[in-house]
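Dropping input-v6.txt in here (compact mmCIF, C-alpha atoms):
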```
# COMPACT_ATOMS: atom_id res chain seq x y z
CA MET A 1 11.66 39.10 24.48
CA ARG A 2 13.00 36.85 27.21
CA PHE A 3 10.80 34.69 29.35
CA VAL A 4 12.17 34.13 32.83
CA PHE A 5 10.66 31.61 35.18
CA PRO A 6 10.16 32.72 38.76
CA PRO A 7 12.79 31.36 41.14
CA VAL A 8 11.95 27.97 42.63
CA ARG A 9 11.41 28.24 46.34
CA ARG A 10 12.39 24.96 47.87
CA SER A 11 11.08 24.22 51.30
CA ARG A 12 13.60 24.02 54.09
CA ASN A 13 11.49 21.61 56.08
CA PRO A 14 12.98 18.12 55.72
CA LEU A 15 9.58 16.47 56.21
CA VAL A 16 8.08 18.40 53.27
CA ARG A 17 11.11 17.57 51.12
CA ALA A 18 10.83 13.85 51.93
CA LEU A 19 7.08 13.90 51.24
CA SER A 20 7.57 15.59 47.86
CA LEU A 21 10.26 13.03 46.97
CA VAL A 22 7.93 10.16 47.87
CA LEU A 23 5.08 11.70 45.86
CA GLY A 24 7.36 12.16 42.84
CA LEU A 25 8.59 8.57 43.01
CA ALA A 26 4.99 7.33 43.36
CA ALA A 27 3.98 9.28 40.23
CA VAL A 28 6.89 7.83 38.25
CA ALA A 29 6.09 4.31 39.48
CA MET A 30 2.43 4.73 38.52
CA LEU A 31 3.39 5.80 35.00
CA LEU A 32 5.80 2.88 34.72
CA VAL A 33 3.15 0.36 35.80
CA PHE A 34 0.63 1.89 33.39
CA GLY A 35 3.13 1.57 30.54
CA VAL A 36 3.87 -2.06 31.38
CA VAL A 37 0.15 -2.86 31.47
CA VAL A 38 -0.40 -1.22 28.08
CA LEU A 39 2.59 -3.09 26.65
CA GLY A 40 1.22 -6.37 28.00
CA VAL A 41 -2.21 -5.77 26.49
CA LEU A 42 -0.67 -4.99 23.10
CA PHE A 43 1.54 -8.08 23.28
CA VAL A 44 -1.32 -10.42 24.21
CA GLY A 45 -3.57 -8.86 21.56
CA GLY A 46 -0.88 -9.38 18.93
CA LEU A 47 -0.43 -13.01 19.94
CA VAL A 48 -4.18 -13.62 19.76
CA PHE A 49 -4.35 -11.96 16.34
CA LEU A 50 -1.49 -14.08 15.00
CA ALA A 51 -2.94 -17.28 16.48
CA VAL A 52 -6.35 -16.68 14.90
CA ARG A 53 -4.73 -15.84 11.58
CA GLN A 54 -2.58 -18.98 11.61
CA TRP A 55 -5.59 -21.07 12.60
CA LYS A 56 -7.61 -19.76 9.67
CA ILE A 57 -4.74 -20.42 7.26
CA ALA A 58 -4.21 -23.95 8.59
CA ARG A 59 -7.90 -24.84 8.19
CA GLY A 60 -7.70 -24.19 4.48
CA PRO A 61 -10.51 -22.99 2.24
CA VAL A 62 -14.09 -23.70 3.23
CA GLU A 63 -15.67 -26.39 1.05
CA GLY A 64 -18.21 -25.19 -1.47
CA SER A 65 -17.10 -21.56 -1.35
CA ALA A 66 -14.17 -21.77 -3.75
CA ARG A 67 -14.68 -22.70 -7.37
CA PRO A 68 -12.27 -25.15 -8.91
CA THR A 69 -9.29 -23.54 -10.58
CA PRO A 70 -8.41 -24.72 -14.07
CA ALA A 71 -4.99 -26.17 -14.77
CA ARG A 72 -2.53 -23.45 -15.73
CA ASP A 73 0.24 -23.56 -18.28
CA PRO A 74 3.57 -22.86 -16.53
CA ASN A 75 4.87 -21.15 -19.69
CA VAL A 76 2.20 -18.42 -19.56
CA LEU A 77 2.96 -15.21 -17.73
CA GLU A 78 -0.23 -13.61 -16.45
CA GLY A 79 -0.61 -9.93 -15.70
CA GLU A 80 -2.59 -6.77 -16.26
CA PHE A 81 -1.75 -4.52 -19.15
CA VAL A 82 -2.76 -1.00 -20.13
CA VAL A 83 -2.78 0.15 -23.73
CA ILE A 84 -1.25 3.63 -24.10
CA HIS A 85 -2.44 5.49 -27.17
CA GLN A 86 0.14 7.95 -28.41
CA ARG A 87 -1.53 10.65 -30.49
CA GLN A 88 1.57 12.67 -31.26
CA PRO A 89 4.90 11.23 -32.39
CA ALA A 90 7.68 11.34 -29.86
CA HIS A 91 10.19 14.17 -30.35
CA ARG A 92 13.77 13.06 -30.52
```
As a first step, turn the structure in this file into C-alpha cells.
Amino acid sequence: MRFVFPPVRRSRNPLVRALSLVLGLAAVAMLLVFGVVVLGVLFVGGLVFLAVRQWKIARGPVEGSARPTPARDPNVLEGEFVVIHQRQPAHR
C-alpha cells in the first residue's frame, strides 16, 4: 500500500508567500531562543551544583559528627570477602 500526500498548493500571491516566510522564520527563531534559554539554565544550575559541592568539600568534616579513625597498618589490605562452599568436587 502506498501513501501519497496531496499536492502542495502554493499561493501565487507574493504577499501571502512573504508572510508565510516571515512566520516560518519567527517560529524557528522562537525555538532557537527557547533552546538557548534552556541551555543557559542547565549551565548555571551545573555551576551552582559544582560550587556548592566544592564548598562542602573545602569545609571539611563537621566537628563532633565523625568518630576518630584508628591508625592503620599500611601493610594490611582491607576488603570484603565471600566464602564459597563447594559441595561437589569440580569435574576436570
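Interatomic distance, atom CA of Leu15 of chain A against atom CA of Met30 of chain A: 22.4 Å.
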Atom CA of Leu21 of chain A and atom CA of Phe34 of chain A are how many Å apart?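 Calculated distance between atom CA of Leu21 of chain A and atom CA of Phe34 of chain A is 20.0 Å.
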Would you compute the distance between atom CA of Ser11 of chain A and atom CA of Leu31 of chain A? Give it in Å to one decimal. 25.8 Å
